[in-house]
$ cat input_36.cif   # mmCIF, C-alpha atoms (C1' of nucleotides)
data_my_file
#
loop_
_atom_site.label_atom_id
_atom_site.label_comp_id
_atom_site.auth_asym_id
_atom_site.auth_seq_id
_atom_site.Cartn_x
_atom_site.Cartn_y
_atom_site.Cartn_z
CA MET L 510 70.05 54.72 -29.83
CA ARG L 511 67.02 56.98 -30.14
CA LEU L 512 63.51 55.63 -29.53
CA ALA L 513 60.29 57.57 -29.92
CA THR L 514 56.52 57.23 -29.78
CA TRP L 515 53.77 59.29 -31.38
CA ASN L 516 50.01 58.91 -31.51
CA VAL L 517 49.47 60.38 -34.97
CA ASN L 518 45.63 60.24 -35.04
CA SER L 519 45.49 58.96 -38.65
CA LEU L 520 48.70 58.15 -40.49
CA LYS L 521 46.98 58.97 -43.77
CA VAL L 522 46.57 62.59 -42.68
CA ARG L 523 49.85 62.82 -40.79
CA LEU L 524 52.25 60.98 -43.13
CA PRO L 525 53.91 64.18 -44.43
CA GLN L 526 54.46 65.34 -40.87
CA VAL L 527 55.80 61.95 -39.85
CA LEU L 528 58.28 61.91 -42.75
CA ASP L 529 59.43 65.45 -41.91
CA TRP L 530 59.75 64.55 -38.24
CA LEU L 531 61.74 61.37 -38.98
CA ALA L 532 64.14 63.33 -41.16
CA ALA L 533 64.61 65.99 -38.49
CA GLN L 534 64.85 63.76 -35.41
CA GLN L 535 66.51 60.68 -36.91
CA PRO L 536 65.22 58.14 -34.39
CA ASP L 537 66.35 54.54 -34.69
CA ALA L 538 62.76 53.52 -34.09
CA LEU L 539 59.44 55.35 -33.95
CA CYS L 540 56.32 53.70 -32.52
CA LEU L 541 53.03 54.95 -33.93
CA GLN L 542 49.51 54.67 -32.55
CA GLU L 543 46.12 55.33 -34.12
CA THR L 544 47.25 54.77 -37.69
CA LYS L 545 43.57 54.09 -38.54
CA LEU L 546 44.63 52.09 -41.60
CA GLU L 547 44.17 48.57 -42.79
CA ASP L 548 47.52 46.87 -43.44
CA ALA L 549 46.77 46.96 -47.18
CA ASN L 550 46.67 50.77 -47.06
CA PHE L 551 49.78 51.23 -44.93
CA PRO L 552 52.23 53.57 -46.73
CA SER L 553 55.13 51.10 -46.82
CA GLU L 554 56.34 52.41 -50.17
CA ALA L 555 56.59 56.07 -49.16
CA LEU L 556 58.40 55.09 -45.97
CA ARG L 557 60.79 52.77 -47.77
CA GLU L 558 61.63 55.50 -50.28
CA ALA L 559 62.53 57.71 -47.31
CA GLY L 560 64.72 54.94 -45.89
CA TRP L 561 62.45 53.49 -43.20
CA HIS L 562 61.38 49.94 -42.56
CA ALA L 563 58.03 49.35 -40.89
CA VAL L 564 55.83 46.73 -39.31
CA HIS L 565 52.14 47.45 -38.81
CA ALA L 566 49.06 45.91 -37.21
CA GLY L 567 46.09 47.91 -38.37
CA GLN L 568 42.38 47.99 -39.00
CA LYS L 569 39.89 50.26 -40.69
CA THR L 570 38.89 53.50 -38.93
CA TYR L 571 40.15 52.76 -35.42
CA ASN L 572 43.33 51.88 -33.54
CA GLY L 573 46.33 50.57 -35.49
CA VAL L 574 49.96 50.46 -34.29
CA ALA L 575 53.29 50.43 -36.08
CA ILE L 576 57.04 50.44 -35.54
CA LEU L 577 59.15 52.38 -38.05
CA ALA L 578 62.91 51.80 -37.97
CA ARG L 579 66.13 52.49 -39.82
CA SER L 580 67.20 48.86 -39.39
CA GLU L 581 64.86 46.11 -40.41
CA PRO L 582 62.67 45.06 -37.47
CA VAL L 583 62.85 41.32 -36.83
CA ASP L 584 60.56 38.84 -35.08
CA ALA L 585 57.51 41.10 -35.38
CA VAL L 586 54.48 39.92 -33.44
CA ALA L 587 51.03 41.55 -33.40
CA GLY L 588 48.95 41.64 -30.25
CA ILE L 589 49.25 40.20 -26.76
CA ALA L 590 49.89 36.45 -26.73
CA GLY L 591 46.94 34.52 -25.35
CA PHE L 592 44.59 37.53 -25.57
CA ASP L 593 42.22 37.37 -28.51
CA ASP L 594 41.59 41.10 -28.88
CA PRO L 595 40.00 42.15 -32.19
CA GLN L 596 41.32 45.70 -31.67
CA ARG L 597 44.79 46.28 -33.12
CA ARG L 598 46.57 47.88 -30.20
CA VAL L 599 49.97 46.18 -29.85
CA ILE L 600 52.85 45.31 -32.12
CA SER L 601 56.33 44.18 -31.07
CA ALA L 602 59.60 43.74 -32.92
CA THR L 603 63.33 43.69 -32.29
CA VAL L 604 65.36 46.60 -33.64
CA ASP L 605 69.16 46.62 -33.23
CA GLY L 606 68.90 44.13 -30.37
CA VAL L 607 66.23 46.03 -28.44
CA ARG L 608 62.77 44.50 -28.10
CA ILE L 609 60.28 47.28 -28.82
CA VAL L 610 56.55 47.30 -28.09
CA SER L 611 54.23 49.91 -29.61
CA ALA L 612 51.10 50.03 -27.48
CA TYR L 613 47.79 51.86 -27.73
CA VAL L 614 45.96 51.45 -24.44
CA PRO L 615 42.15 51.80 -24.68
CA ASN L 616 40.77 55.23 -23.86
CA GLY L 617 38.01 54.02 -21.55
CA GLU L 618 35.57 56.83 -22.41
CA SER L 619 34.41 57.35 -18.79
CA VAL L 620 34.68 55.42 -15.55
CA GLU L 621 31.01 54.39 -15.91
CA SER L 622 31.53 52.97 -19.40
CA ASP L 623 31.88 49.35 -20.47
CA LYS L 624 34.96 50.62 -22.32
CA TYR L 625 36.49 51.47 -18.95
CA ARG L 626 36.06 47.84 -17.84
CA TYR L 627 37.68 46.78 -21.11
CA LYS L 628 40.53 49.22 -20.46
CA LEU L 629 41.26 47.85 -17.00
CA ASP L 630 41.02 44.26 -18.22
CA TRP L 631 43.26 45.13 -21.16
CA LEU L 632 45.86 46.66 -18.83
CA ALA L 633 45.82 43.51 -16.67
CA ARG L 634 46.42 41.40 -19.77
CA LEU L 635 49.23 43.71 -20.84
CA ARG L 636 50.88 43.41 -17.45
CA ASP L 637 50.65 39.61 -17.36
CA TRP L 638 52.08 39.40 -20.86
CA LEU L 639 54.88 41.90 -20.20
CA ARG L 640 56.05 39.91 -17.19
CA GLY L 641 56.94 37.11 -19.59
CA GLU L 642 58.32 39.45 -22.23
CA LEU L 643 60.68 40.93 -19.62
CA ALA L 644 61.91 37.47 -18.74
CA THR L 645 62.55 36.73 -22.42
CA HIS L 646 63.98 40.07 -23.50
CA GLY L 647 66.33 41.88 -21.13
CA ALA L 648 66.41 44.99 -23.30
CA LEU L 649 62.70 45.81 -23.51
CA ALA L 650 61.05 49.17 -24.24
CA VAL L 651 57.28 49.64 -24.17
CA LEU L 652 56.33 52.88 -25.90
CA GLY L 653 52.93 54.28 -26.58
CA ASP L 654 49.73 56.05 -25.71
CA TYR L 655 48.84 54.68 -22.27
CA ASN L 656 45.79 56.91 -21.87
CA ILE L 657 46.79 57.31 -18.22
CA ALA L 658 48.13 60.41 -16.48
CA PRO L 659 50.14 58.66 -13.76
CA GLU L 660 50.20 61.44 -11.18
CA ALA L 661 48.58 64.76 -10.31
CA ARG L 662 51.57 66.62 -11.77
CA ASP L 663 50.74 65.03 -15.15
CA VAL L 664 47.40 66.90 -15.31
CA TYR L 665 46.78 70.61 -15.95
CA ASP L 666 43.91 70.71 -13.45
CA PRO L 667 44.21 67.74 -11.07
CA ALA L 668 41.18 68.74 -9.01
CA ALA L 669 38.91 68.92 -12.04
CA TRP L 670 40.18 65.56 -13.34
CA GLU L 671 40.22 63.71 -10.03
CA GLY L 672 38.55 60.32 -10.44
CA LYS L 673 37.86 60.94 -14.12
CA VAL L 674 38.95 58.59 -16.88
CA LEU L 675 42.71 58.86 -17.60
CA CYS L 676 43.23 59.90 -13.96
CA SER L 677 41.19 57.44 -11.89
CA GLU L 678 42.90 55.50 -9.14
CA PRO L 679 42.35 52.05 -10.75
CA GLU L 680 44.04 53.29 -13.92
CA ARG L 681 46.92 54.77 -11.95
CA GLU L 682 47.24 51.52 -10.02
CA ALA L 683 47.40 49.64 -13.31
CA PHE L 684 50.18 51.96 -14.48
CA ARG L 685 52.11 51.46 -11.25
CA ALA L 686 51.62 47.71 -11.63
CA LEU L 687 53.45 47.95 -14.96
CA LEU L 688 56.30 49.87 -13.31
CA ASP L 689 56.39 47.25 -10.54
CA LEU L 690 57.31 44.62 -13.13
CA GLY L 691 60.65 46.40 -13.28
CA PHE L 692 60.05 49.24 -15.73
CA SER L 693 61.10 52.85 -15.41
CA ASP L 694 59.04 55.81 -16.68
CA ALA L 695 61.88 57.25 -18.77
CA PHE L 696 60.50 60.79 -18.62
CA ARG L 697 60.68 60.82 -14.83
CA GLN L 698 64.29 59.66 -14.73
CA PHE L 699 65.21 63.27 -15.44
CA GLU L 700 64.52 66.76 -14.20
CA GLN L 701 61.62 68.07 -16.26
CA ALA L 702 59.80 71.34 -16.63
CA GLU L 703 56.68 71.56 -14.50
CA ARG L 704 53.45 71.21 -16.44
CA SER L 705 54.87 68.96 -19.18
CA TRP L 706 52.14 67.44 -21.35
CA SER L 707 51.98 65.03 -24.29
CA TRP L 708 48.31 65.54 -25.23
CA TRP L 709 46.12 68.62 -25.55
CA ASP L 710 42.41 68.60 -26.45
CA TYR L 711 41.75 70.01 -29.91
CA ARG L 712 38.98 72.15 -28.47
CA MET L 713 39.12 75.40 -26.51
CA ASN L 714 42.65 76.28 -27.69
CA MET L 715 44.06 73.93 -25.09
CA PHE L 716 47.50 73.77 -26.70
CA LYS L 717 47.89 77.53 -26.95
CA ARG L 718 46.70 77.80 -23.36
CA LYS L 719 49.24 75.13 -22.34
CA LEU L 720 46.56 72.92 -20.77
CA GLY L 721 47.10 69.22 -21.32
CA LEU L 722 47.89 65.81 -19.88
CA ARG L 723 50.94 63.55 -19.96
CA ILE L 724 49.53 60.23 -21.16
CA ASP L 725 52.15 59.06 -23.69
CA HIS L 726 55.00 57.20 -22.05
CA ILE L 727 58.20 55.28 -22.61
CA LEU L 728 58.72 52.39 -20.20
CA LEU L 729 62.21 50.93 -20.06
CA SER L 730 63.42 47.67 -18.56
CA SER L 731 66.24 48.07 -16.04
CA ALA L 732 68.82 47.06 -18.64
CA LEU L 733 67.67 50.01 -20.78
CA SER L 734 66.83 52.57 -18.08
CA SER L 735 70.46 52.47 -16.94
CA ARG L 736 71.43 53.42 -20.50
CA CYS L 737 68.91 56.23 -20.81
CA ALA L 738 70.58 59.63 -21.18
CA ALA L 739 67.54 61.81 -21.90
CA CYS L 740 63.78 61.76 -22.38
CA VAL L 741 61.83 64.69 -23.81
CA ILE L 742 58.43 65.55 -25.23
CA ASP L 743 58.70 67.30 -28.60
CA THR L 744 55.85 69.79 -28.57
CA GLY L 745 56.83 71.17 -31.99
CA PRO L 746 54.49 69.01 -34.10
CA ARG L 747 51.51 69.91 -31.90
CA GLY L 748 51.85 73.50 -33.10
CA ALA L 749 51.90 72.54 -36.80
CA GLU L 750 49.09 72.95 -39.29
CA ARG L 751 46.57 70.12 -38.87
CA PRO L 752 48.39 68.55 -35.93
CA SER L 753 47.79 65.32 -34.12
CA ASP L 754 46.42 66.01 -30.66
CA HIS L 755 49.45 64.14 -29.25
CA ALA L 756 53.13 65.12 -29.26
CA PRO L 757 56.02 62.69 -29.80
CA VAL L 758 58.04 61.47 -26.82
CA ILE L 759 61.73 60.69 -27.42
CA CYS L 760 64.39 58.93 -25.39
CA ASP L 761 68.09 58.54 -26.05
CA LEU L 762 69.97 55.42 -24.95
CA ARG L 763 73.71 55.16 -24.54
CA ALA L 764 75.47 52.28 -26.30
CA ALA L 765 75.22 48.99 -24.44
"C1'" DA E 1161 29.35 75.72 -19.75
"C1'" DT E 1162 28.57 68.20 -20.86
"C1'" DG E 1163 29.92 72.03 -25.41
"C1'" DG E 1164 33.91 73.03 -27.69
"C1'" DC E 1165 37.59 69.95 -32.39
"C1'" DT E 1166 39.28 66.33 -35.53
"C1'" DA E 1167 39.05 62.01 -38.22
"C1'" DT E 1168 36.50 58.29 -40.36
"C1'" DG E 1169 32.83 56.24 -42.99
"C1'" DT E 1170 29.85 57.72 -45.90
"C1'" DA E 1171 26.87 61.23 -48.21
"C1'" DG E 1172 23.97 64.37 -43.45
"C1'" DC E 1173 25.24 62.70 -39.46
"C1'" DA E 1174 26.98 58.99 -36.21
"C1'" DT E 1175 30.93 57.25 -33.59
"C1'" DA E 1176 35.21 57.78 -31.22
"C1'" DG E 1177 38.78 60.04 -29.24
"C1'" DA E 1178 40.69 61.91 -24.21
#

$ encode --input "input_36.cif" --output "structure tokens"
Amino acid sequence: MRLATWNVNSLKVRLPQVLDWLAAQQPDALCLQETKLEDANFPSEALREAGWHAVHAGQKTYNGVAILARSEPVDAVAGIAGFDDPQRRVISATVDGVRIVSAYVPNGESVESDKYRYKLDWLARLRDWLRGELATHGALAVLGDYNIAPEARDVYDPAAWEGKVLCSEPEREAFRALLDLGFSDAFRQFEQAERSWSWWDYRMNMFKRKLGLRIDHILLSSALSSRCAACVIDTGPRGAERPSDHAPVICDLRAA
DNA sequence: ATGGCTATGTAGCATAGA
């Protein structure tokens, strides 16, 4: 089973790339973030014609998450239970027996910002909710844009980013607190090239200069991490015309 | 170098991303 996640930074703009990528990579499920679409404008028809089911929780202009899948997702739920968040940042569904969460963690803007407080609170809510989800669903995968570079090796210039948003210690603690629930960072289960990134700033030719951060992650419950055979970042789409600033992350799971 | 790109909403810029 192949699972993937991709912050597309507008599904309206990126739909052709997403369709091409789905055809090439053939995932069983692809989690999207930053669709920036109301549900009414979600391209269900174009996806269905290409053979993909989808569930979406979106809003105008900002945020928006989806799960695309070959099989029909079942038991779809938007949001974090018990957390009345107006921002559409989480959707969950079961695909081929695996519970999948597509998550778009708040950016935080800067450590001085009110948005940073919201981010840390949001991460605490996510953790509390996932504890219960893990108890309910043994095979649980949480894929998405975490907006956290977990370690110094996930940052092109750790000294310059030290203490900054995406790299601050409270954010990294929040990420570790998710792992402590019993999740594995699928990417780190394997030997990886040094300086592997999933996001590059659009400005200053950061992609061409190979200067980025690893902030998009696939977290696997123990039942799934033991089945994980590979996890890679596909940098191909970042080099395309009119790319998203994020690259897809893919993991392959052996049969149960 | 506190900018630099890109996308959206909306009609010349403001907001947000990370």

$ resolve_selection --input "input_36.cif" --expression "the PyMOL selection byres ((chain L and resi 698) around 10)" --output "ChimeraX atom specification"
/L:693-697,699-701,734-735,737-740

$ resolve_selection --input "input_36.cif" --expression "the PyMOL selection byres ((chain E) within 9 of (chain L))" --output "compact mmCIF listing (two decimals) with C-alpha atoms (C1' of nucleotides), in the coordinates of the input"
# COMPACT_ATOMS: atom_id res chain seq x y z
C1' DG E 1164 33.91 73.03 -27.69
C1' DC E 1165 37.59 69.95 -32.39
C1' DT E 1166 39.28 66.33 -35.53
C1' DA E 1167 39.05 62.01 -38.22
C1' DT E 1168 36.50 58.29 -40.36
C1' DG E 1169 32.83 56.24 -42.99
C1' DA E 1176 35.21 57.78 -31.22
C1' DG E 1177 38.78 60.04 -29.24
C1' DA E 1178 40.69 61.91 -24.21

$ atom_distance --input "input_36.cif" --atom1 "CA of Arg636 (chain L)" --atom2 "CA of Ala575 (chain L)"
20.1 Å

$ resolve_selection --input "input_36.cif" --expression "the PyMOL selection byres ((chain L and resi 635) around 10)" --output "NGL selection string"
:L and (588-590 or 592 or 599 or 612 or 614 or 629-634 or 636-640 or 683 or 687)

$ residues_around --input "input_36.cif" --residues "Glu642 (chain L)" --least-positions-apart "5" --cutoff "9 Å" --atoms "all atoms listed in the file" --output "PyMOL selection string"
chain L and resi 608+647+649

$ closest_residue --input "input_36.cif" --among "L:Val651, L:Met715, L:Leu720, L:Ala702" --to "Val664 (chain L)" --atoms "only C-alpha atoms"
L:Leu720

$ closest_residue --input "input_36.cif" --among "L:Gly641, L:Gly745, L:Gly606, L:Pro679" --to "Lys628 (chain L)" --atoms "all atoms listed in the file"
L:Pro679

$ atom_distance --input "input_36.cif" --atom1 "CA of Asp654 (chain L)" --atom2 "CA of Thr514 (chain L)"
8.0 Å

$ atom_distance --input "input_36.cif" --atom1 "CA of Pro595 (chain L)" --atom2 "CA of Tyr625 (chain L)"
16.6 Å

$ closest_residue --input "input_36.cif" --among "L:Leu652, L:Ala756, L:Val741, L:Ala549" --to "Val517 (chain L)" --atoms "only C-alpha atoms"
L:Ala756

$ residues_near_point --input "input_36.cif" --point "(54.4, 36.9, -34.8)" --cutoff "9 Å" --atoms "all atoms listed in the file" --output "list of chain:residue names"
L:Asp584, L:Ala585, L:Val586, L:Ala587, L:Gly588, L:Ile600, L:Ser601, L:Ala602

$ residues_near_point --input "input_36.cif" --point "(51.9, 58.4, -44.0)" --cutoff "9 Å" --atoms "only C-alpha atoms (C1' of nucleotides)" --output "PyMOL selection string"
chain L and resi 519-528+544+551-553+555-556

$ decode --input "input_36.cif" --residues "chain E" --atoms "N, CA and C atoms (P, O5', C5', C4', C3', O3' and C1' of nucleotides)" --output "PDB file, in the first residue's frame"
ATOM      1  P    DA E1161      23.729  42.065   7.007  1.00  0.00           P
ATOM      2  O5'  DA E1161      22.543  42.235   5.982  1.00  0.00           O
ATOM      3  C5'  DA E1161      21.235  42.092   6.394  1.00  0.00           C
ATOM      4  C4'  DA E1161      20.392  42.909   5.451  1.00  0.00           C
ATOM      5  C3'  DA E1161      18.939  42.417   5.369  1.00  0.00           C
ATOM      6  O3'  DA E1161      18.124  43.521   5.095  1.00  0.00           O
ATOM      7  C1'  DA E1161      19.866  42.349   3.256  1.00  0.00           C
ATOM      8  P    DT E1162      17.432  44.306   6.248  1.00  0.00           P
ATOM      9  O5'  DT E1162      15.901  43.858   6.225  1.00  0.00           O
ATOM     10  C5'  DT E1162      15.127  43.901   5.046  1.00  0.00           C
ATOM     11  C4'  DT E1162      13.778  43.262   5.375  1.00  0.00           C
ATOM     12  C3'  DT E1162      12.962  44.040   6.414  1.00  0.00           C
ATOM     13  O3'  DT E1162      11.604  43.960   6.105  1.00  0.00           O
ATOM     14  C1'  DT E1162      13.339  41.863   7.191  1.00  0.00           C
ATOM     15  P    DG E1163      10.992  44.910   4.961  1.00  0.00           P
ATOM     16  O5'  DG E1163      11.740  44.512   3.599  1.00  0.00           O
ATOM     17  C5'  DG E1163      11.131  43.583   2.731  1.00  0.00           C
ATOM     18  C4'  DG E1163      11.912  43.520   1.434  1.00  0.00           C
ATOM     19  C3'  DG E1163      11.332  42.552   0.415  1.00  0.00           C
ATOM     20  O3'  DG E1163      11.668  43.049  -0.903  1.00  0.00           O
ATOM     21  C1'  DG E1163      13.463  41.791   1.091  1.00  0.00           C
ATOM     22  P    DG E1164      10.625  42.953  -2.049  1.00  0.00           P
ATOM     23  O5'  DG E1164      11.113  41.653  -2.827  1.00  0.00           O
ATOM     24  C5'  DG E1164      12.391  41.616  -3.429  1.00  0.00           C
ATOM     25  C4'  DG E1164      12.862  40.175  -3.535  1.00  0.00           C
ATOM     26  C3'  DG E1164      11.747  39.210  -3.924  1.00  0.00           C
ATOM     27  O3'  DG E1164      11.654  39.121  -5.356  1.00  0.00           O
ATOM     28  C1'  DG E1164      13.040  38.355  -2.089  1.00  0.00           C
ATOM     29  P    DC E1165      12.194  37.898  -6.144  1.00  0.00           P
ATOM     30  O5'  DC E1165      11.204  36.763  -5.652  1.00  0.00           O
ATOM     31  C5'  DC E1165      10.091  36.479  -6.396  1.00  0.00           C
ATOM     32  C4'  DC E1165       9.626  35.078  -6.106  1.00  0.00           C
ATOM     33  C3'  DC E1165       8.344  34.807  -6.870  1.00  0.00           C
ATOM     34  O3'  DC E1165       8.317  33.445  -7.262  1.00  0.00           O
ATOM     35  C1'  DC E1165       7.921  34.764  -4.543  1.00  0.00           C
ATOM     36  P    DT E1166       7.344  33.055  -8.461  1.00  0.00           P
ATOM     37  O5'  DT E1166       5.998  32.664  -7.701  1.00  0.00           O
ATOM     38  C5'  DT E1166       5.950  31.474  -6.950  1.00  0.00           C
ATOM     39  C4'  DT E1166       4.623  31.405  -6.226  1.00  0.00           C
ATOM     40  C3'  DT E1166       3.392  31.649  -7.109  1.00  0.00           C
ATOM     41  O3'  DT E1166       2.626  30.473  -7.084  1.00  0.00           O
ATOM     42  C1'  DT E1166       3.254  32.827  -5.051  1.00  0.00           C
ATOM     43  P    DA E1167       1.345  30.366  -8.008  1.00  0.00           P
ATOM     44  O5'  DA E1167       0.177  30.748  -6.995  1.00  0.00           O
ATOM     45  C5'  DA E1167      -0.151  29.860  -5.939  1.00  0.00           C
ATOM     46  C4'  DA E1167      -1.283  30.452  -5.141  1.00  0.00           C
ATOM     47  C3'  DA E1167      -2.464  30.937  -5.980  1.00  0.00           C
ATOM     48  O3'  DA E1167      -3.642  30.265  -5.569  1.00  0.00           O
ATOM     49  C1'  DA E1167      -1.792  32.586  -4.403  1.00  0.00           C
ATOM     50  P    DT E1168      -5.002  30.589  -6.302  1.00  0.00           P
ATOM     51  O5'  DT E1168      -5.670  31.612  -5.287  1.00  0.00           O
ATOM     52  C5'  DT E1168      -5.854  31.222  -3.932  1.00  0.00           C
ATOM     53  C4'  DT E1168      -6.496  32.350  -3.174  1.00  0.00           C
ATOM     54  C3'  DT E1168      -7.712  32.951  -3.881  1.00  0.00           C
ATOM     55  O3'  DT E1168      -8.835  32.886  -3.023  1.00  0.00           O
ATOM     56  C1'  DT E1168      -6.182  34.644  -3.215  1.00  0.00           C
ATOM     57  P    DG E1169     -10.297  33.169  -3.602  1.00  0.00           P
ATOM     58  O5'  DG E1169     -10.562  34.697  -3.237  1.00  0.00           O
ATOM     59  C5'  DG E1169     -10.614  35.089  -1.871  1.00  0.00           C
ATOM     60  C4'  DG E1169     -10.669  36.603  -1.775  1.00  0.00           C
ATOM     61  C3'  DG E1169     -11.758  37.246  -2.650  1.00  0.00           C
ATOM     62  O3'  DG E1169     -12.348  38.331  -1.939  1.00  0.00           O
ATOM     63  C1'  DG E1169      -9.679  38.170  -3.190  1.00  0.00           C
ATOM     64  P    DT E1170     -13.639  39.055  -2.526  1.00  0.00           P
ATOM     65  O5'  DT E1170     -13.053  40.334  -3.278  1.00  0.00           O
ATOM     66  C5'  DT E1170     -12.193  41.197  -2.578  1.00  0.00           C
ATOM     67  C4'  DT E1170     -11.391  42.032  -3.543  1.00  0.00           C
ATOM     68  C3'  DT E1170     -12.255  42.871  -4.504  1.00  0.00           C
ATOM     69  O3'  DT E1170     -11.798  44.203  -4.464  1.00  0.00           O
ATOM     70  C1'  DT E1170     -10.586  41.700  -5.688  1.00  0.00           C
ATOM     71  P    DA E1171     -12.705  45.377  -5.083  1.00  0.00           P
ATOM     72  O5'  DA E1171     -11.542  46.367  -5.525  1.00  0.00           O
ATOM     73  C5'  DA E1171     -11.544  46.964  -6.778  1.00  0.00           C
ATOM     74  C4'  DA E1171     -10.143  47.048  -7.279  1.00  0.00           C
ATOM     75  C3'  DA E1171     -10.020  47.816  -8.580  1.00  0.00           C
ATOM     76  O3'  DA E1171      -8.746  48.398  -8.690  1.00  0.00           O
ATOM     77  C1'  DA E1171      -9.559  45.523  -8.988  1.00  0.00           C
ATOM     78  P    DG E1172      -8.623  49.884  -8.674  1.00  0.00           P
ATOM     79  O5'  DG E1172      -7.256  49.909  -7.904  1.00  0.00           O
ATOM     80  C5'  DG E1172      -6.215  50.816  -8.154  1.00  0.00           C
ATOM     81  C4'  DG E1172      -5.216  50.520  -7.083  1.00  0.00           C
ATOM     82  C3'  DG E1172      -3.768  50.514  -7.599  1.00  0.00           C
ATOM     83  O3'  DG E1172      -2.987  51.290  -6.706  1.00  0.00           O
ATOM     84  C1'  DG E1172      -4.312  48.361  -6.685  1.00  0.00           C
ATOM     85  P    DC E1173      -1.569  50.802  -6.150  1.00  0.00           P
ATOM     86  O5'  DC E1173      -2.109  49.575  -5.287  1.00  0.00           O
ATOM     87  C5'  DC E1173      -1.369  49.073  -4.191  1.00  0.00           C
ATOM     88  C4'  DC E1173      -2.315  48.590  -3.108  1.00  0.00           C
ATOM     89  C3'  DC E1173      -1.609  47.993  -1.900  1.00  0.00           C
ATOM     90  O3'  DC E1173      -2.307  48.325  -0.717  1.00  0.00           O
ATOM     91  C1'  DC E1173      -2.962  46.338  -2.892  1.00  0.00           C
ATOM     92  P    DA E1174      -1.501  48.101   0.668  1.00  0.00           P
ATOM     93  O5'  DA E1174      -2.281  46.876   1.323  1.00  0.00           O
ATOM     94  C5'  DA E1174      -3.626  47.051   1.776  1.00  0.00           C
ATOM     95  C4'  DA E1174      -4.170  45.715   2.260  1.00  0.00           C
ATOM     96  C3'  DA E1174      -3.313  45.053   3.339  1.00  0.00           C
ATOM     97  O3'  DA E1174      -4.141  44.615   4.405  1.00  0.00           O
ATOM     98  C1'  DA E1174      -3.622  43.569   1.503  1.00  0.00           C
ATOM     99  P    DT E1175      -3.393  43.947   5.705  1.00  0.00           P
ATOM    100  O5'  DT E1175      -3.494  42.389   5.401  1.00  0.00           O
ATOM    101  C5'  DT E1175      -4.768  41.800   5.159  1.00  0.00           C
ATOM    102  C4'  DT E1175      -4.606  40.314   4.946  1.00  0.00           C
ATOM    103  C3'  DT E1175      -3.661  39.634   5.954  1.00  0.00           C
ATOM    104  O3'  DT E1175      -4.312  38.491   6.463  1.00  0.00           O
ATOM    105  C1'  DT E1175      -3.026  39.083   3.740  1.00  0.00           C
ATOM    106  P    DA E1176      -3.668  37.733   7.762  1.00  0.00           P
ATOM    107  O5'  DA E1176      -2.920  36.493   7.108  1.00  0.00           O
ATOM    108  C5'  DA E1176      -3.677  35.564   6.323  1.00  0.00           C
ATOM    109  C4'  DA E1176      -2.726  34.645   5.617  1.00  0.00           C
ATOM    110  C3'  DA E1176      -1.607  34.082   6.496  1.00  0.00           C
ATOM    111  O3'  DA E1176      -1.883  32.703   6.713  1.00  0.00           O
ATOM    112  C1'  DA E1176      -0.829  34.720   4.327  1.00  0.00           C
ATOM    113  P    DG E1177      -0.932  31.812   7.631  1.00  0.00           P
ATOM    114  O5'  DG E1177       0.042  31.178   6.547  1.00  0.00           O
ATOM    115  C5'  DG E1177      -0.489  30.443   5.458  1.00  0.00           C
ATOM    116  C4'  DG E1177       0.587  30.233   4.437  1.00  0.00           C
ATOM    117  C3'  DG E1177       1.859  29.558   4.966  1.00  0.00           C
ATOM    118  O3'  DG E1177       2.196  28.483   4.136  1.00  0.00           O
ATOM    119  C1'  DG E1177       2.404  31.412   3.696  1.00  0.00           C
ATOM    120  P    DA E1178       2.634  27.065   4.857  1.00  0.00           P
ATOM    121  O5'  DA E1178       4.163  27.342   5.164  1.00  0.00           O
ATOM    122  C5'  DA E1178       5.110  27.132   4.141  1.00  0.00           C
ATOM    123  C4'  DA E1178       6.499  27.499   4.628  1.00  0.00           C
ATOM    124  C3'  DA E1178       6.861  26.969   6.009  1.00  0.00           C
ATOM    125  O3'  DA E1178       8.214  26.515   5.986  1.00  0.00           O
ATOM    126  C1'  DA E1178       7.171  29.290   5.976  1.00  0.00           C
TER     127       DA E1178
END
